[in-house]
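This is final-v6.cif (mmCIF, C-alpha atoms and all ligand atoms).
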data_coords
loop_
_atom_site.label_atom_id
_atom_site.label_comp_id
_atom_site.auth_asym_id
_atom_site.auth_seq_id
_atom_site.Cartn_x
_atom_site.Cartn_y
_atom_site.Cartn_z
CA MET A 9 29.62 -1.47 -24.15
CA ALA A 10 27.59 -4.41 -22.83
CA ASP A 11 27.38 -5.03 -19.09
CA SER A 12 29.67 -7.82 -17.96
CA GLY A 13 28.07 -11.17 -17.07
CA ARG A 14 26.32 -12.53 -14.00
CA LEU A 15 23.55 -9.98 -13.82
CA HIS A 16 20.45 -11.40 -12.15
CA THR A 17 16.84 -10.88 -13.11
CA PRO A 18 14.40 -9.01 -10.86
CA GLN A 19 12.55 -12.31 -10.41
CA GLN A 20 15.71 -13.95 -9.08
CA ALA A 21 16.04 -11.10 -6.60
CA LEU A 22 12.41 -11.56 -5.51
CA ASP A 23 12.96 -15.32 -5.16
CA SER A 24 16.02 -14.70 -3.05
CA LEU A 25 14.07 -12.32 -0.83
CA SER A 26 11.21 -14.76 -0.38
CA ASN A 27 13.51 -17.65 0.46
CA GLY A 28 12.56 -18.76 4.00
CA LEU A 29 10.49 -15.63 4.47
CA GLU A 30 7.88 -15.94 7.22
CA PRO A 31 5.49 -13.32 8.56
CA LEU A 32 6.58 -11.70 11.82
CA PRO A 33 4.72 -12.58 15.05
CA LEU A 34 1.16 -11.51 15.70
CA GLU A 35 0.32 -8.56 17.95
CA TRP A 36 -2.97 -6.95 18.95
CA VAL A 37 -3.37 -3.27 18.17
CA ALA A 38 -6.13 -0.74 18.81
CA LEU A 39 -8.40 -0.34 15.79
CA GLU A 40 -7.49 3.33 15.45
CA ALA A 41 -3.83 2.34 15.02
CA ALA A 42 -4.53 -0.50 12.58
CA GLY A 43 -4.69 1.43 9.30
CA ASP A 44 -2.54 -0.31 6.65
CA ARG A 45 -1.66 -3.11 9.05
CA VAL A 46 -2.07 -6.71 7.85
CA LEU A 47 -4.53 -9.02 9.58
CA ALA A 48 -2.86 -12.04 11.19
CA GLN A 49 -6.12 -13.97 11.69
CA THR A 50 -9.34 -14.18 9.72
CA LEU A 51 -12.06 -12.31 11.59
CA HIS A 52 -15.66 -13.52 11.68
CA ALA A 53 -18.87 -11.62 12.21
CA ARG A 54 -19.88 -11.30 15.84
CA HIS A 55 -23.44 -10.33 14.94
CA ASP A 56 -25.64 -9.59 11.97
CA THR A 57 -25.07 -6.25 10.26
CA PRO A 58 -27.36 -4.44 10.21
CA PRO A 59 -28.40 -5.92 13.55
CA PHE A 60 -32.13 -5.20 12.94
CA ASP A 61 -34.43 -4.45 10.01
CA ASN A 62 -34.42 -0.71 9.49
CA SER A 63 -35.62 2.04 7.22
CA SER A 64 -33.46 3.36 4.41
CA MET A 65 -35.58 6.50 4.03
CA ASP A 66 -37.27 9.21 6.03
CA GLY A 67 -40.96 8.38 5.61
CA TYR A 68 -43.62 6.00 6.86
CA ALA A 69 -43.49 2.32 7.78
CA LEU A 70 -46.53 0.19 7.08
CA ARG A 71 -47.85 -3.14 5.85
CA ALA A 72 -47.53 -3.01 2.04
CA GLY A 73 -51.05 -4.46 1.80
CA ASP A 74 -52.41 -1.26 3.40
CA SER A 75 -51.14 0.96 0.57
CA GLY A 76 -53.78 2.86 -1.40
CA LYS A 77 -55.39 4.04 1.87
CA VAL A 78 -55.21 6.92 4.30
CA LEU A 79 -53.48 5.57 7.42
CA PRO A 80 -53.33 7.26 10.83
CA VAL A 81 -49.83 7.68 12.28
CA SER A 82 -49.61 5.55 15.43
CA GLN A 83 -45.95 6.11 16.47
CA ARG A 84 -42.83 8.04 15.63
CA ILE A 85 -39.49 6.21 15.47
CA MET A 86 -36.12 7.94 15.30
CA ALA A 87 -32.78 6.22 14.66
CA GLY A 88 -31.50 4.90 17.98
CA GLN A 89 -35.00 4.39 19.40
CA GLN A 90 -36.92 1.21 19.97
CA SER A 91 -40.16 0.65 18.08
CA ALA A 92 -43.42 -0.83 19.33
CA PRO A 93 -45.38 -3.38 17.20
CA LEU A 94 -47.31 -1.57 14.48
CA GLU A 95 -51.03 -1.27 15.25
CA GLU A 96 -53.34 -2.77 12.59
CA GLY A 97 -54.41 -0.29 9.90
CA THR A 98 -51.89 2.39 10.87
CA CYS A 99 -48.47 3.55 9.75
CA ALA A 100 -45.46 4.75 11.74
CA ARG A 101 -43.51 7.93 11.11
CA ILE A 102 -39.97 6.62 10.64
CA PHE A 103 -36.52 8.04 9.87
CA THR A 104 -33.47 6.65 8.10
CA GLY A 105 -31.74 3.99 10.19
CA ALA A 106 -34.61 3.61 12.66
CA PRO A 107 -35.76 0.06 13.47
CA LEU A 108 -38.75 -1.15 11.51
CA PRO A 109 -41.66 -1.81 13.88
CA GLU A 110 -42.77 -5.43 14.17
CA GLY A 111 -45.63 -6.02 11.72
CA ALA A 112 -44.44 -3.44 9.17
CA ASP A 113 -42.91 -4.81 5.99
CA SER A 114 -42.18 -1.70 3.93
CA VAL A 115 -41.41 2.00 4.06
CA ILE A 116 -42.56 4.76 1.74
CA MET A 117 -40.46 7.90 1.47
CA GLN A 118 -42.19 11.03 2.69
CA GLU A 119 -42.03 12.77 -0.72
CA GLN A 120 -44.44 10.12 -2.09
CA VAL A 121 -47.28 10.52 0.44
CA GLU A 122 -50.00 13.11 0.95
CA THR A 123 -50.64 14.34 4.46
CA ARG A 124 -54.36 14.62 5.27
CA ASP A 125 -56.24 15.53 8.46
CA GLU A 126 -57.03 11.86 9.21
CA GLY A 127 -53.53 10.62 8.48
CA VAL A 128 -51.29 9.95 5.53
CA PHE A 129 -52.44 8.85 2.09
CA ILE A 130 -50.16 6.09 0.75
CA PRO A 131 -50.41 5.55 -3.03
CA ALA A 132 -51.41 2.01 -4.00
CA GLY A 133 -48.93 -0.60 -5.23
CA LEU A 134 -46.23 -0.42 -2.54
CA GLU A 135 -44.09 -3.54 -2.59
CA VAL A 136 -43.09 -5.60 0.42
CA GLY A 137 -39.52 -4.71 1.37
CA ASN A 138 -39.61 -1.26 -0.21
CA SER A 139 -36.95 1.02 1.41
CA VAL A 140 -36.22 -1.59 4.08
CA ARG A 141 -32.68 -2.76 4.89
CA LEU A 142 -33.08 -6.25 6.23
CA ARG A 143 -31.16 -7.52 9.22
CA GLY A 144 -27.95 -9.30 8.10
CA ARG A 145 -28.02 -7.76 4.61
CA GLU A 146 -24.33 -6.80 4.88
CA ILE A 147 -23.13 -9.79 6.85
CA THR A 148 -24.52 -12.52 9.11
CA THR A 149 -23.08 -13.93 12.33
CA ASP A 150 -19.98 -16.12 11.79
CA ASP A 151 -19.46 -15.08 8.15
CA VAL A 152 -15.93 -14.07 7.19
CA LEU A 153 -15.48 -10.35 7.81
CA VAL A 154 -11.91 -9.80 6.65
CA ARG A 155 -9.38 -12.51 5.80
CA GLN A 156 -5.95 -13.11 7.24
CA GLY A 157 -3.36 -11.38 5.07
CA SER A 158 -5.61 -8.44 4.16
CA ARG A 159 -4.13 -5.01 4.55
CA LEU A 160 -6.66 -2.96 6.49
CA ASN A 161 -7.82 0.10 4.60
CA SER A 162 -10.08 2.81 5.93
CA ALA A 163 -13.24 1.00 4.85
CA ALA A 164 -12.11 -2.23 6.54
CA LEU A 165 -11.53 -0.31 9.77
CA GLY A 166 -15.00 1.18 9.65
CA PHE A 167 -16.50 -2.19 8.77
CA LEU A 168 -14.73 -3.88 11.71
CA ALA A 169 -15.78 -1.09 14.04
CA GLY A 170 -19.35 -1.76 12.89
CA GLN A 171 -18.85 -5.25 14.28
CA GLY A 172 -17.65 -3.95 17.62
CA PHE A 173 -13.95 -4.72 17.22
CA ASP A 174 -11.81 -2.31 19.21
CA ARG A 175 -8.56 -4.27 18.73
CA VAL A 176 -7.36 -6.48 15.89
CA PRO A 177 -4.63 -9.13 15.49
CA VAL A 178 -1.99 -7.97 13.00
CA TYR A 179 1.53 -9.00 12.06
CA ARG A 180 4.23 -7.01 13.75
CA LYS A 181 5.73 -4.27 11.61
CA PRO A 182 9.15 -5.08 10.18
CA ARG A 183 11.82 -3.13 12.05
CA VAL A 184 14.19 -1.52 9.61
CA ALA A 185 17.61 0.09 9.98
CA LEU A 186 18.52 2.68 7.37
CA LEU A 187 22.26 3.03 6.95
CA PHE A 188 23.64 5.64 4.60
CA THR A 189 27.09 5.49 3.08
CA GLY A 190 28.88 8.34 1.37
CA ASP A 191 31.21 10.80 3.10
CA GLU A 192 29.92 13.45 0.69
CA LEU A 193 26.51 13.47 2.36
CA LYS A 194 25.26 16.21 4.67
CA LEU A 195 21.88 16.93 6.17
CA PRO A 196 19.72 19.85 5.07
CA GLY A 197 20.41 22.66 7.51
CA GLU A 198 24.14 21.99 7.44
CA PRO A 199 26.41 24.01 5.14
CA LEU A 200 27.80 22.26 2.06
CA ALA A 201 31.54 22.28 1.49
CA PRO A 202 32.79 21.87 -2.11
CA GLY A 203 32.08 18.33 -3.35
CA GLN A 204 29.37 17.67 -0.78
CA ILE A 205 25.67 17.05 -1.42
CA TYR A 206 22.59 16.62 0.74
CA ASN A 207 21.35 13.17 1.70
CA GLY A 208 18.16 13.03 -0.35
CA ASN A 209 17.81 9.26 -0.01
CA ARG A 210 17.41 9.61 3.72
CA PHE A 211 14.26 11.68 3.40
CA MET A 212 12.92 9.70 0.49
CA LEU A 213 13.27 6.36 2.30
CA LEU A 214 12.17 7.68 5.69
CA ASP A 215 8.91 8.55 3.99
CA LEU A 216 8.60 5.59 1.62
CA LEU A 217 9.37 2.65 3.91
CA PRO A 218 6.63 3.36 6.46
CA ARG A 219 4.21 3.43 3.53
CA PHE A 220 5.17 -0.22 2.99
CA GLY A 221 4.47 -0.94 6.66
CA ALA A 222 8.01 -0.66 8.01
CA GLU A 223 8.95 0.79 11.35
CA ILE A 224 12.23 2.66 11.01
CA SER A 225 14.05 1.91 14.23
CA LEU A 226 17.56 3.02 13.37
CA VAL A 227 18.95 5.68 11.04
CA GLU A 228 22.68 6.15 10.69
CA GLN A 229 25.19 7.86 8.47
CA VAL A 230 28.13 5.46 8.31
CA PRO A 231 31.63 6.76 7.53
CA ASP A 232 33.12 5.30 4.35
CA THR A 233 35.46 2.74 5.88
CA LEU A 234 35.21 -1.02 5.95
CA GLU A 235 35.56 -1.04 9.70
CA ASP A 236 32.79 1.50 10.30
CA MET A 237 30.45 -0.28 7.93
CA THR A 238 31.18 -3.67 9.48
CA GLN A 239 30.50 -2.33 12.97
CA ALA A 240 27.32 -0.57 11.87
CA LEU A 241 25.98 -3.71 10.17
CA ALA A 242 26.83 -5.88 13.18
CA ARG A 243 25.06 -3.49 15.57
CA ALA A 244 22.03 -3.09 13.36
CA SER A 245 21.69 -6.83 12.70
CA ARG A 246 21.10 -7.40 16.41
CA GLN A 247 18.30 -4.82 16.53
CA VAL A 248 16.21 -5.07 13.39
CA ASP A 249 14.56 -7.43 10.93
CA VAL A 250 15.92 -5.71 7.83
CA ILE A 251 18.97 -3.55 7.19
CA VAL A 252 18.68 -1.22 4.22
CA THR A 253 21.76 0.61 3.00
CA THR A 254 22.12 3.06 0.17
CA GLY A 255 25.30 3.55 -1.80
CA GLY A 256 28.63 1.82 -1.63
CA VAL A 257 27.50 -1.37 -3.38
CA SER A 258 29.15 -0.77 -6.72
CA VAL A 259 32.80 -1.29 -7.61
CA GLY A 260 34.40 1.97 -6.45
CA ASP A 261 37.28 2.20 -3.98
CA ALA A 262 34.89 3.31 -1.21
CA ASP A 263 32.27 0.64 -1.94
CA TYR A 264 32.72 -1.35 1.27
CA VAL A 265 29.18 -2.53 1.86
CA ARG A 266 29.42 -5.97 0.28
CA ARG A 267 32.73 -6.77 1.93
CA ALA A 268 31.39 -5.70 5.32
CA LEU A 269 28.33 -7.87 4.79
CA GLU A 270 30.37 -10.89 3.74
CA SER A 271 32.54 -10.62 6.84
CA LEU A 272 29.46 -10.95 9.06
CA GLY A 273 26.94 -12.93 7.06
CA GLU A 274 26.25 -13.80 3.46
CA LEU A 275 25.80 -11.99 0.21
CA ASP A 276 22.98 -13.92 -1.51
CA LEU A 277 22.80 -11.99 -4.76
CA TRP A 278 24.47 -8.97 -6.33
CA ARG A 279 23.78 -7.00 -9.48
CA LEU A 280 20.62 -7.02 -11.52
CA SER A 281 19.99 -6.64 -15.19
CA ILE A 282 17.89 -3.55 -14.59
CA ARG A 283 18.30 0.15 -15.04
CA PRO A 284 18.31 1.95 -12.67
CA GLY A 285 19.52 -0.05 -9.70
CA LYS A 286 22.00 -2.49 -11.20
CA PRO A 287 24.31 -2.88 -8.17
CA LEU A 288 21.52 -4.04 -5.81
CA ALA A 289 22.89 -6.43 -3.18
CA LEU A 290 20.85 -8.90 -1.13
CA GLY A 291 22.00 -10.95 1.79
CA HIS A 292 21.59 -11.70 5.46
CA ILE A 293 23.37 -11.62 8.77
CA ASP A 294 21.90 -14.43 10.87
CA GLN A 295 18.12 -13.83 10.82
CA CYS A 296 18.47 -10.22 9.75
CA ARG A 297 17.89 -9.54 6.08
CA PHE A 298 20.05 -7.14 4.15
CA VAL A 299 19.10 -5.02 1.13
CA GLY A 300 21.80 -2.81 -0.31
CA LEU A 301 20.27 -0.24 -2.63
CA ALA A 302 22.42 1.52 -5.19
CA GLY A 303 23.27 5.04 -4.09
CA ASN A 304 21.95 6.98 -7.04
CA PRO A 305 18.67 8.42 -5.76
CA VAL A 306 16.52 7.00 -8.56
CA SER A 307 18.17 3.60 -8.13
CA SER A 308 17.25 3.68 -4.44
CA PHE A 309 13.73 4.85 -5.20
CA VAL A 310 13.04 2.22 -7.86
CA GLY A 311 14.81 -0.50 -5.84
CA ALA A 312 12.61 0.29 -2.85
CA TRP A 313 9.42 -0.06 -4.90
CA LEU A 314 10.53 -3.23 -6.65
CA PHE A 315 12.15 -5.08 -3.75
CA LEU A 316 11.52 -3.46 -0.37
CA ARG A 317 7.77 -3.33 -0.88
CA PRO A 318 7.47 -7.10 -1.49
CA LEU A 319 9.90 -7.80 1.34
CA MET A 320 7.87 -5.69 3.76
CA GLY A 321 4.74 -7.40 2.42
CA GLY A 322 6.21 -10.85 3.01
CA LEU A 323 7.25 -10.01 6.54
CA GLN A 324 3.71 -8.81 7.18
CA GLY A 325 2.04 -11.83 5.55
CA CYS A 326 0.50 -9.74 2.76
CA GLU A 327 0.24 -11.48 -0.60
CA ALA A 328 -1.09 -8.36 -2.32
CA MET A 329 2.19 -6.54 -1.73
CA GLN A 330 4.22 -9.08 -3.68
CA ALA A 331 3.71 -7.29 -7.00
CA LEU A 332 2.77 -3.79 -8.02
CA PRO A 333 -0.54 -3.48 -9.88
CA GLU A 334 -0.08 -3.24 -13.66
CA VAL A 335 -1.79 -1.38 -16.46
CA SER A 336 -0.95 -1.01 -20.10
CA ALA A 337 -0.52 2.42 -21.60
CA ARG A 338 0.40 4.06 -24.87
CA ALA A 339 3.90 5.50 -24.82
CA ALA A 340 4.13 9.24 -25.42
CA PHE A 341 7.89 8.95 -25.89
CA SER A 342 10.48 7.04 -27.81
CA THR A 343 13.39 5.14 -26.34
CA GLU A 344 15.83 2.40 -27.10
CA THR A 345 17.22 0.10 -24.43
CA ALA A 346 20.55 -1.69 -24.21
CA GLY A 347 21.30 -4.83 -22.20
CA ARG A 348 19.17 -4.12 -19.13
CA ASP A 349 15.42 -3.82 -18.57
CA HIS A 350 14.62 -0.16 -18.09
CA TYR A 351 12.18 0.96 -15.39
CA MET A 352 11.28 4.39 -16.71
CA ARG A 353 9.54 6.89 -14.51
CA VAL A 354 6.33 7.96 -16.19
CA THR A 355 3.20 9.92 -15.46
CA LEU A 356 0.02 8.19 -16.60
CA HIS A 357 -2.79 10.36 -17.93
CA TRP A 358 -6.23 8.94 -18.64
CA GLU A 359 -7.28 9.72 -22.21
CA GLY A 360 -10.85 8.46 -22.29
CA ASP A 361 -10.03 5.08 -23.83
CA GLY A 362 -6.73 4.28 -22.14
CA TYR A 363 -3.65 5.62 -20.42
CA ARG A 364 -0.94 7.69 -22.04
CA ALA A 365 2.49 7.42 -20.43
CA VAL A 366 4.60 10.56 -20.39
CA ALA A 367 8.23 9.96 -19.49
CA PHE A 368 10.37 12.52 -17.72
CA GLU A 369 12.89 13.74 -20.29
CA ASP A 370 16.04 12.88 -18.29
CA GLN A 371 15.96 9.25 -17.14
CA ASP A 372 19.46 9.19 -15.63
CA SER A 373 19.57 7.43 -12.26
CA SER A 374 20.86 10.55 -10.52
CA ILE A 375 17.82 12.64 -11.46
CA LEU A 376 15.35 12.20 -8.61
CA ARG A 377 13.24 14.92 -10.17
CA SER A 378 12.16 12.23 -12.65
CA CYS A 379 10.26 10.54 -9.82
CA VAL A 380 8.54 13.57 -8.33
CA ASN A 381 5.52 13.47 -10.63
CA ALA A 382 5.77 9.83 -11.60
CA ASN A 383 2.84 7.59 -10.76
CA ALA A 384 4.17 4.49 -12.53
CA LEU A 385 7.24 2.68 -13.77
CA ALA A 386 7.15 1.73 -17.44
CA VAL A 387 8.95 -1.57 -17.91
CA ILE A 388 10.86 -1.58 -21.17
CA GLY A 389 12.63 -4.86 -21.89
CA ALA A 390 16.31 -5.06 -22.74
CA HIS A 391 17.31 -4.53 -26.38
CA SER A 392 13.99 -3.06 -27.42
CA GLN A 393 12.71 0.04 -29.09
CA VAL A 394 9.66 2.07 -28.19
CA THR A 395 8.05 4.66 -30.41
CA PRO A 396 5.12 6.93 -29.53
CA GLY A 397 1.82 5.05 -29.51
CA ASP A 398 3.39 1.69 -28.65
CA SER A 399 1.63 -0.27 -25.94
CA ILE A 400 3.82 -0.56 -22.84
CA ARG A 401 3.51 -2.25 -19.45
CA CYS A 402 3.37 0.08 -16.46
CA LEU A 403 3.63 -0.74 -12.76
CA LEU A 404 1.56 1.57 -10.62
CA LEU A 405 3.33 3.21 -7.70
CA VAL A 406 0.74 2.51 -5.03
CA SER A 407 2.09 1.58 -1.64
N1 LIG B 501 32.95 1.35 -12.88
C1 LIG B 501 31.67 1.27 -12.57
N2 LIG B 501 31.10 2.30 -11.97
C2 LIG B 501 29.80 2.27 -11.65
C3 LIG B 501 29.04 1.13 -11.99
C4 LIG B 501 29.66 0.04 -12.61
O1 LIG B 501 29.06 -1.00 -12.91
N3 LIG B 501 30.98 0.15 -12.85
N4 LIG B 501 27.69 1.14 -11.72
C5 LIG B 501 27.06 2.44 -11.73
C6 LIG B 501 25.71 2.32 -11.33
S1 LIG B 501 24.68 1.66 -12.47
C7 LIG B 501 25.25 2.82 -10.16
S2 LIG B 501 23.57 2.77 -9.83
C8 LIG B 501 26.14 3.45 -9.18
C9 LIG B 501 25.80 2.94 -7.78
O2 LIG B 501 26.88 2.90 -7.01
P1 LIG B 501 26.83 2.77 -5.44
O3 LIG B 501 25.64 2.02 -5.01
O4 LIG B 501 28.12 2.27 -5.00
O5 LIG B 501 26.56 4.24 -4.96
P2 LIG B 501 27.60 5.39 -4.63
O6 LIG B 501 28.75 5.30 -5.54
O7 LIG B 501 27.82 5.42 -3.21
O8 LIG B 501 26.72 6.64 -5.04
C10 LIG B 501 26.26 6.80 -6.34
C11 LIG B 501 25.76 8.24 -6.54
O9 LIG B 501 24.68 8.51 -5.71
C12 LIG B 501 24.94 9.58 -4.82
N5 LIG B 501 24.38 9.26 -3.52
C13 LIG B 501 24.75 8.25 -2.73
N6 LIG B 501 24.01 8.24 -1.62
C14 LIG B 501 23.17 9.26 -1.71
C15 LIG B 501 22.17 9.79 -0.86
N7 LIG B 501 21.91 9.20 0.32
N8 LIG B 501 21.47 10.87 -1.26
C16 LIG B 501 21.75 11.45 -2.44
N9 LIG B 501 22.68 11.00 -3.31
C17 LIG B 501 23.39 9.94 -2.93
C18 LIG B 501 26.45 9.64 -4.75
O10 LIG B 501 26.91 10.89 -4.36
C19 LIG B 501 26.82 9.26 -6.16
O11 LIG B 501 26.70 10.36 -7.02
O12 LIG B 501 27.47 3.20 -9.49
C20 LIG B 501 27.82 3.45 -10.87
N10 LIG B 501 29.20 3.33 -11.03
O1 LIG B 502 21.97 0.84 -12.05
MO1 LIG B 502 22.46 2.55 -12.07
O2 LIG B 502 21.11 2.94 -11.12
O3 LIG B 502 21.80 2.63 -13.70
O4 LIG B 502 22.90 4.25 -12.41
#

Would you give me this structure, written as structure tokens?
Amino acid sequence: MADSGRLHTPQQALDSLSNGLEPLPLEWVALEAAGDRVLAQTLHARHDTPPFDNSSMDGYALRAGDSGKVLPVSQRIMAGQQSAPLEEGTCARIFTGAPLPEGADSVIMQEQVETRDEGVFIPAGLEVGNSVRLRGREITTDDVLVRQGSRLNSAALGFLAGQGFDRVPVYRKPRVALLFTGDELKLPGEPLAPGQIYNGNRFMLLDLLPRFGAEISLVEQVPDTLEDMTQALARASRQVDVIVTTGGVSVGDADYVRRALESLGELDLWRLSIRPGKPLALGHIDQCRFVGLAGNPVSSFVGAWLFLRPLMGGLQGCEAMQALPEVSARAAFSTETAGRDHYMRVTLHWEGDGYRAVAFEDQDSSILRSCVNANALAVIGAHSQVTPGDSIRCLLLVS
């Protein structure tokens, strides 16, 4: 049977989330704590990097015009040492990273010279600049180092450290409350009574959200009553930037989340034309944003990747987090979709000339096992058919 009307598209959900969305305030953090944080100001070079001409090889520094001769060694320069001007008609023993002596214009690696009693024979034909890393080759003073809105990866941290930054301005992390509904839920370590299950979403989201830059500041299991949910939402909305709930957003008798939200704030959008995750609910309570993920574990997982990642990105001023990177792949499965777009969990394997997408056999939204080895979501449009070998669009699950 077809889904009843008024299902929204994922794009409408993203538009709703980005409505009035501003990055959170700037804060300064120590460089060692800045991994994956988003720069709140463009940083400029404080000095040239490298700060001085230096050797890229262990060998001998000389004037290129002196090659083809035996040259006496007039000094020895290690990395971290200062060099003296190079005496006419001599060479300097030099090591990788050591400053080039004034007057030298090239370096020859030690494997290419012959050591003689009088000095070192340098084969003819050495070119000016050989094995020399010129000052400012990487960046010069005042150039843009890293732009505002960039998420700092390990290389960026090392690069900024190379410029002497010990603190950087970043957007504050979004504070998130995770509220779980479902009286059937217990925590691992507790015994299960008949009908009960463990709260897998809790552990999945506690791990996933920080990967999107969130700081989890509140975690609660809320009893399945309208009153408890209303109180929990009201409390959380005063403490955090975003409330995330799982479960209780569908149409069952214990699905109180939307009603609780509407009594305190507004429900901006409910129900998407996607599978899994149809009952997604978006809204706000004053300035606090609300994302109600469907309770089925895969629905929560996929909903987090599709909607919480861009929301966390927007709150951190990071354009790159608005959409997951895409690749095309050849399907290694067949499927037929009904009225909703299907986000299938797949594992992409490189096959030399392209990716092959292998889908977990059971794509029901309760089967979290389908996500364990998935590295992408294959997006299969509504009312379509896929047969093996068909080209399909895949969203990469990179945080
Ligand atoms: N009559 C209808 N029934 C349902 C519809 C519908 O349109 N009409 N939609 C189905 C779809 S699609 C989904 S998805 C689910 C989502 O419903 P809820 O968001 O209200 O989620 P719950 O009913 O609370 O739970 C669903 C399922 O997931 C398990 N669950 C919940 N929380 C957790 C957790 N933290 N860890 C592990 N598992 C969890 C829960 O026990 C249920 O089995 O509704 C369909 N029904
Ligand atoms: O929208 Mo639900 O997640 O298909 O079972």

Neighbourhood of ligand LIG 502 (chain B) at 9 Å, counting all atoms listed in the file, reported as a ChimeraX atom specification:
/A:279-288,302-308,310-311,350,372-374

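Take the candidates A:Gln324, A:Ser399, A:Thr254, A:Ser75 and check each one against ligand LIG 501 (chain B) using only C-alpha atoms and all ligand atoms; the shortest distance goes to A:Thr254.
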
Using only C-alpha atoms, which protein or nucleic acid residues come within 12 Å of region 55-64 of chain A? Drop anything in the same chain fewer than 6 positions from it, and give the result as a VMD selection string.
chain A and resid 70 85 to 91 100 to 118 137 to 153 167 to 173

Taking 4 positions as the minimum chain separation for residues in the same chain, which residues sit within 9 Å of Gln156 (chain A) when counting all atoms listed in the file? Answer as a short mmCIF file (atom, residue, chain, number, x, y, z; two decimals) with C-alpha atoms, in the frame of the given file.
data_model
loop_
_atom_site.label_atom_id
_atom_site.label_comp_id
_atom_site.auth_asym_id
_atom_site.auth_seq_id
_atom_site.Cartn_x
_atom_site.Cartn_y
_atom_site.Cartn_z
CA VAL A 46 -2.07 -6.71 7.85
CA LEU A 47 -4.53 -9.02 9.58
CA ALA A 48 -2.86 -12.04 11.19
CA GLN A 49 -6.12 -13.97 11.69
CA THR A 50 -9.34 -14.18 9.72
CA LEU A 51 -12.06 -12.31 11.59
CA VAL A 178 -1.99 -7.97 13.00
CA GLY A 325 2.04 -11.83 5.55
CA CYS A 326 0.50 -9.74 2.76
#

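Closest approach to Leu187 (chain A) among A:Gln204, A:Gln20, A:Ser392, A:Thr238: A:Thr238, based on all atoms listed in the file.
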
If we draw a sphere of 12 Å around (6.9, 5.3, 4.1), which residues have at least one atom in it when counting all atoms listed in the file? Please report them as a JSON list (two decimals) with C-alpha atoms, in the frame of the given file.
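Below is the file that was written, selection-v3.json:
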[["chain", "number", "residue", "atom", "x", "y", "z"],
["A", 44, "ASP", "CA", -2.54, -0.31, 6.65],
["A", 184, "VAL", "CA", 14.19, -1.52, 9.61],
["A", 210, "ARG", "CA", 17.41, 9.61, 3.72],
["A", 211, "PHE", "CA", 14.26, 11.68, 3.40],
["A", 212, "MET", "CA", 12.92, 9.70, 0.49],
["A", 213, "LEU", "CA", 13.27, 6.36, 2.30],
["A", 214, "LEU", "CA", 12.17, 7.68, 5.69],
["A", 215, "ASP", "CA", 8.91, 8.55, 3.99],
["A", 216, "LEU", "CA", 8.60, 5.59, 1.62],
["A", 217, "LEU", "CA", 9.37, 2.65, 3.91],
["A", 218, "PRO", "CA", 6.63, 3.36, 6.46],
["A", 219, "ARG", "CA", 4.21, 3.43, 3.53],
["A", 220, "PHE", "CA", 5.17, -0.22, 2.99],
["A", 221, "GLY", "CA", 4.47, -0.94, 6.66],
["A", 222, "ALA", "CA", 8.01, -0.66, 8.01],
["A", 223, "GLU", "CA", 8.95, 0.79, 11.35],
["A", 224, "ILE", "CA", 12.23, 2.66, 11.01],
["A", 309, "PHE", "CA", 13.73, 4.85, -5.20],
["A", 312, "ALA", "CA", 12.61, 0.29, -2.85],
["A", 313, "TRP", "CA", 9.42, -0.06, -4.90],
["A", 316, "LEU", "CA", 11.52, -3.46, -0.37],
["A", 317, "ARG", "CA", 7.77, -3.33, -0.88],
["A", 320, "MET", "CA", 7.87, -5.69, 3.76],
["A", 406, "VAL", "CA", 0.74, 2.51, -5.03],
["A", 407, "SER", "CA", 2.09, 1.58, -1.64]]

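Atom pair CA of Glu359 (chain A) / CA of Ala384 (chain A) has a distance of 15.9 Å (rounded to one decimal).
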
Could you please fill out region 153-160 of chain A with N, CA and C atoms and send it back as a tab-separated table (two decimals), in the coordinates of the input?
chain	number	residue	atom	x	y	z
A	153	LEU	N	-15.46	-11.82	7.91
A	153	LEU	CA	-15.48	-10.35	7.81
A	153	LEU	C	-14.33	-9.87	6.94
A	154	VAL	N	-13.12	-10.17	7.38
A	154	VAL	CA	-11.91	-9.80	6.65
A	154	VAL	C	-10.92	-10.95	6.83
A	155	ARG	N	-10.26	-11.34	5.75
A	155	ARG	CA	-9.38	-12.51	5.80
A	155	ARG	C	-7.98	-12.16	6.28
A	156	GLN	N	-7.36	-13.17	6.88
A	156	GLN	CA	-5.95	-13.11	7.24
A	156	GLN	C	-5.15	-12.68	6.00
A	157	GLY	N	-4.19	-11.80	6.21
A	157	GLY	CA	-3.36	-11.38	5.07
A	157	GLY	C	-3.89	-10.14	4.37
A	158	SER	N	-5.07	-9.66	4.78
A	158	SER	CA	-5.61	-8.44	4.16
A	158	SER	C	-4.98	-7.23	4.82
A	159	ARG	N	-4.62	-6.27	4.00
A	159	ARG	CA	-4.13	-5.01	4.55
A	159	ARG	C	-5.34	-4.14	4.84
A	160	LEU	N	-5.43	-3.63	6.07
A	160	LEU	CA	-6.66	-2.96	6.49
A	160	LEU	C	-6.70	-1.53	5.95
